[in-house]
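**Q** File follows, my_file_9.tsv with TSV, C-alpha atoms:
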chain	number	residue	atom	x	y	z
D	1	MET	CA	5.47	-5.66	-10.94
D	2	ARG	CA	8.27	-3.22	-10.22
D	3	ARG	CA	11.30	-4.70	-8.45
D	4	LYS	CA	11.94	-3.47	-4.90
D	5	VAL	CA	15.64	-3.19	-4.07
D	6	LEU	CA	17.17	-1.64	-0.95
D	7	PHE	CA	20.93	-1.53	-0.35
D	8	GLY	CA	21.37	-4.06	-3.17
D	9	PHE	CA	18.92	-6.54	-1.63
D	10	ASP	CA	15.86	-7.49	-3.71
D	11	TYR	CA	12.81	-7.75	-1.44
D	12	THR	CA	10.13	-7.68	-4.16
D	13	ASP	CA	8.54	-10.95	-2.99
D	14	SER	CA	9.22	-10.62	0.74
D	15	GLU	CA	6.02	-9.69	2.58
D	16	PHE	CA	7.92	-9.80	5.87
D	17	ILE	CA	10.36	-7.10	4.74
D	18	LYS	CA	7.56	-5.05	3.19
D	19	LEU	CA	5.65	-5.18	6.47
D	20	GLY	CA	8.77	-4.07	8.34
D	21	LEU	CA	9.29	-1.21	5.91
D	22	TYR	CA	5.62	-0.28	6.17
D	23	LEU	CA	6.02	-0.12	9.95
D	24	PHE	CA	9.10	2.09	9.45
D	25	VAL	CA	7.25	4.37	7.01
D	26	GLY	CA	4.18	4.41	9.25
D	27	GLY	CA	6.28	4.98	12.35
D	28	THR	CA	8.12	7.92	10.87
D	29	ALA	CA	4.83	9.29	9.48
D	30	ALA	CA	3.35	9.01	12.97
D	31	LEU	CA	6.31	10.95	14.39
D	32	VAL	CA	5.80	13.61	11.72
D	33	GLU	CA	2.07	13.72	12.51
D	34	TRP	CA	2.61	13.93	16.28
D	35	ALA	CA	5.25	16.65	15.95
D	36	LEU	CA	3.04	18.70	13.63
D	37	PHE	CA	0.03	18.18	15.92
D	38	TYR	CA	2.03	19.35	18.94
D	39	LEU	CA	3.41	22.41	17.13
D	40	LEU	CA	0.00	23.36	15.75
D	41	LEU	CA	-1.80	22.79	19.04
D	42	HIS	CA	0.66	24.57	21.31
D	43	TYR	CA	2.33	27.19	19.11
D	44	LEU	CA	0.98	27.84	15.61
D	45	LEU	CA	-2.79	27.86	16.25
D	46	ASN	CA	-2.84	28.47	19.98
D	47	GLY	CA	-3.23	32.26	19.78
D	48	LEU	CA	-6.33	32.18	17.59
D	49	GLY	CA	-8.75	32.06	20.51
D	50	LEU	CA	-10.25	28.70	19.52
D	51	SER	CA	-11.87	26.39	22.06
D	52	LEU	CA	-9.88	23.30	23.03
D	53	THR	CA	-12.18	21.17	20.86
D	54	ALA	CA	-11.82	23.42	17.81
D	55	LEU	CA	-8.07	23.73	18.35
D	56	THR	CA	-7.71	19.95	18.70
D	57	MET	CA	-9.83	19.19	15.62
D	58	THR	CA	-8.02	21.75	13.43
D	59	SER	CA	-4.58	20.60	14.57
D	60	THR	CA	-5.60	16.96	14.04
D	61	ALA	CA	-6.84	17.56	10.49
D	62	MET	CA	-3.83	19.61	9.40
D	63	ALA	CA	-1.25	17.25	10.90
D	64	PHE	CA	-3.03	14.19	9.48
D	65	CYS	CA	-3.17	15.62	5.96
D	66	LEU	CA	0.50	16.62	5.88
D	67	SER	CA	1.71	13.33	7.32
D	68	THR	CA	-0.50	11.42	4.85
D	69	LEU	CA	1.34	13.05	1.94
D	70	TYR	CA	4.65	12.04	3.49
D	71	HIS	CA	3.35	8.50	4.03
D	72	TYR	CA	2.00	8.16	0.49
D	73	PHE	CA	5.23	9.15	-1.22
D	74	LEU	CA	7.60	7.19	1.02
D	75	GLY	CA	5.25	4.16	1.02
D	76	ASN	CA	5.25	4.11	-2.78
D	77	VAL	CA	9.03	4.17	-2.91
D	78	LEU	CA	9.70	1.51	-0.27
D	79	VAL	CA	6.64	-0.70	0.19
D	80	PHE	CA	3.84	-0.70	-2.33
D	81	ASP	CA	3.86	-1.30	-6.08
D	82	SER	CA	2.36	1.99	-7.14
D	83	GLY	CA	0.60	1.89	-10.49
D	84	SER	CA	0.42	-1.90	-10.63
D	85	ARG	CA	-3.35	-2.20	-10.19
D	86	TYR	CA	-4.67	1.22	-11.21
D	87	ASN	CA	-3.33	4.12	-13.20
D	88	ARG	CA	-1.73	6.77	-11.00
D	89	GLY	CA	-4.72	9.13	-11.14
D	90	LYS	CA	-7.18	6.51	-9.94
D	91	GLU	CA	-4.67	5.21	-7.40
D	92	LEU	CA	-4.19	8.69	-5.94
D	93	SER	CA	-7.97	9.16	-5.82
D	94	LEU	CA	-8.36	5.89	-3.90
D	95	VAL	CA	-5.55	6.83	-1.51
D	96	PHE	CA	-7.30	10.18	-0.99
D	97	LEU	CA	-10.61	8.40	-0.29
D	98	VAL	CA	-8.99	6.01	2.19
D	99	SER	CA	-7.20	8.95	3.79
D	100	VAL	CA	-10.42	10.96	4.11
D	101	MET	CA	-12.01	7.98	5.84
D	102	GLY	CA	-8.93	7.69	8.07
D	103	LEU	CA	-9.21	11.40	8.85
D	104	GLY	CA	-12.88	10.85	9.76
D	105	PHE	CA	-11.91	8.06	12.17
D	106	ASN	CA	-9.13	10.27	13.51
D	107	LEU	CA	-11.43	13.23	14.16
D	108	LEU	CA	-14.15	11.06	15.69
D	109	LEU	CA	-11.76	9.35	18.07
D	110	MET	CA	-10.07	12.64	19.01
D	111	TYR	CA	-13.47	14.19	19.72
D	112	ILE	CA	-14.48	11.26	21.91
D	113	PHE	CA	-11.18	11.14	23.78
D	114	VAL	CA	-10.71	14.90	24.31
D	115	SER	CA	-14.25	16.32	24.45
D	116	TRP	CA	-16.24	13.47	25.98
D	117	LEU	CA	-13.64	11.69	28.10
D	118	GLY	CA	-11.53	14.75	28.92
D	119	TRP	CA	-8.23	13.09	28.05
D	120	GLU	CA	-5.09	15.10	27.33
D	121	PRO	CA	-4.88	15.91	23.56
D	122	MET	CA	-1.36	14.55	22.93
D	123	LEU	CA	-2.11	11.22	24.62
D	124	SER	CA	-5.35	11.05	22.66
D	125	LYS	CA	-3.48	11.72	19.42
D	126	VAL	CA	-1.00	8.91	20.01
D	127	LEU	CA	-3.75	6.42	20.87
D	128	THR	CA	-5.84	7.52	17.90
D	129	SER	CA	-2.88	7.07	15.54
D	130	CYS	CA	-2.33	3.52	16.80
D	131	ILE	CA	-5.94	2.65	16.03
D	132	VAL	CA	-6.14	4.35	12.63
D	133	VAL	CA	-2.88	2.77	11.38
D	134	VAL	CA	-4.67	-0.59	11.19
D	135	TRP	CA	-7.29	0.90	8.84
D	136	ASN	CA	-4.59	2.56	6.72
D	137	TYR	CA	-2.49	-0.56	6.27
D	138	LEU	CA	-5.33	-2.95	5.53
D	139	SER	CA	-7.08	-0.64	3.08
D	140	ARG	CA	-3.90	0.08	1.15
D	141	LYS	CA	-2.64	-3.51	1.17
D	142	LYS	CA	-5.92	-5.23	0.31
D	143	TRP	CA	-7.72	-2.63	-1.76
D	144	ILE	CA	-5.43	-0.14	-3.45
D	145	PHE	CA	-1.97	-1.70	-3.95
D	146	ARG	CA	-2.92	-5.37	-4.32
D	147	SER	CA	-1.25	-6.83	-7.39
Can you present the structure in this file as structure tokens?
**A**
Amino acid sequence: MRRKVLFGFDYTDSEFIKLGLYLFVGGTAALVEWALFYLLLHYLLNGLGLSLTALTMTSTAMAFCLSTLYHYFLGNVLVFDSGSRYNRGKELSLVFLVSVMGLGFNLLLMYIFVSWLGWEPMLSKVLTSCIVVVWNYLSRKKWIFRS
């Protein structure tokens, strides 16, 4: 197991600190995702003539994928013991699989909230992120990065 040290403090065996750091990483990844979603939805993709549903789904997928990369790299540095259970190639494949499933949940919930319920896309995105974060944490903690 690789030692985890931050500001000279060893937190390798502290699940409480790791959870706090995971919430920090996840929180900043959510901010990245929400900012990208907003920019894509309102500025970068808005002029393409897509329907609200298509615009929302495309913005959701792109923002989710980019923020997932951010989350993976920062999570490996601060929280998880990357490479401890699987070699890096298999680990990255499993993270990709979990992320694809998370993206599926994300798209499904966004479709339900925006297309069926008629909710505002940004509110829907925030609520969806709060739900999907549970899946992301549990799958990474219990399945991929478990020692």
**Q** When you count all atoms listed in the file, which of these residues is closest to Met122 of chain D: D:Asn136, D:Asn76, D:Thr68, D:Thr60?
**A**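 Nearest candidate to Met122 of chain D out of D:Asn136, D:Asn76, D:Thr68, D:Thr60: D:Thr60.
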**Q** Please, what distance in Å, to one decimal, runs between atom CA of Phe105 of chain D and atom CA of Val79 of chain D?
**A** 23.8 Å
**Q** Skip Val98 of chain D itself and residues of its chain fewer than 5 positions away, then list as a short mmCIF file (atom, residue, chain, number, x, y, z; two decimals) with C-alpha atoms, in the coordinates of the input all residues within 10 Å of it, counting only C-alpha atoms.
**A**
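What ended up in result14.cif:
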data_model
loop_
_atom_site.label_atom_id
_atom_site.label_comp_id
_atom_site.auth_asym_id
_atom_site.auth_seq_id
_atom_site.Cartn_x
_atom_site.Cartn_y
_atom_site.Cartn_z
CA LEU D 92 -4.19 8.69 -5.94
CA SER D 93 -7.97 9.16 -5.82
CA LEU D 103 -9.21 11.40 8.85
CA GLY D 104 -12.88 10.85 9.76
CA TRP D 135 -7.29 0.90 8.84
CA ASN D 136 -4.59 2.56 6.72
CA SER D 139 -7.08 -0.64 3.08
CA ARG D 140 -3.90 0.08 1.15
CA TRP D 143 -7.72 -2.63 -1.76
CA ILE D 144 -5.43 -0.14 -3.45
#
**Q** Please, what distance in Å, to one decimal, runs between atom CA of Tyr72 of chain D and atom CA of Tyr11 of chain D?
**A** 19.3 Å
**Q** Using only C-alpha atoms, tabulate the residues of segment 79-143 of chain D lying at most 12 Å from any atom of segment 39-52 of chain D, each with its closest atom pair and that distance in Å to one decimal, by chain and increasing residue number, as a Markdown table.
**A**
| residue | atom | partner | partner_atom | distance |
| --- | --- | --- | --- | --- |
| D:Met110 | CA | D:Leu52 | CA | 11.4 |
| D:Tyr111 | CA | D:Leu52 | CA | 10.3 |
| D:Val114 | CA | D:Leu52 | CA | 8.5 |
| D:Ser115 | CA | D:Leu52 | CA | 8.4 |
| D:Gly118 | CA | D:Leu52 | CA | 10.5 |
| D:Trp119 | CA | D:Leu52 | CA | 11.5 |
| D:Glu120 | CA | D:Leu52 | CA | 10.4 |
| D:Pro121 | CA | D:Leu41 | CA | 8.8 |
| D:Met122 | CA | D:Leu41 | CA | 9.1 |
| D:Lys125 | CA | D:Leu41 | CA | 11.2 |
**Q** Using all atoms listed in the file, which protein or nucleic acid residues come within 9 Å of segment 24-26 of chain D? Drop anything in the same chain fewer than 4 positions from it, and give the result as a list in words.
**A**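 Counting only the stated atoms, we get Leu19, Gly20, Ala30, Leu31, Tyr70, His71, Leu74, Gly75, Leu78, Val79, Val133 and Tyr137 of chain D.
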**Q** What would the list of residues within 12 Å of (-3.5, 19.5, 11.0) (file frame) look like as a ChimeraX atom specification, if only C-alpha atoms are what count?
**A** /D:32-41,44-45,54-68,103,106-107,125
**Q** D:Lys90, D:Gly102, D:Lys4, D:Asp13: which is nearest Ile131 of chain D, counting all atoms listed in the file?
**A**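 Answer, going by the shortest atom-to-atom distance: D:Gly102.
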**Q** If I take atom CA of Gly8 of chain D and atom CA of Glu91 of chain D, how far is one from the other in Å, to one decimal?
**A**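 Between atom CA of Gly8 of chain D and atom CA of Glu91 of chain D the gap is 28.0 Å.
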**Q** I need the residue nearest Lys18 of chain D from this list: D:Phe80, D:Val132, D:Thr53, D:Arg2. Use all atoms listed in the file for the distance.
**A**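 Using all atoms listed in the file, Lys18 of chain D sits closest to D:Phe80.
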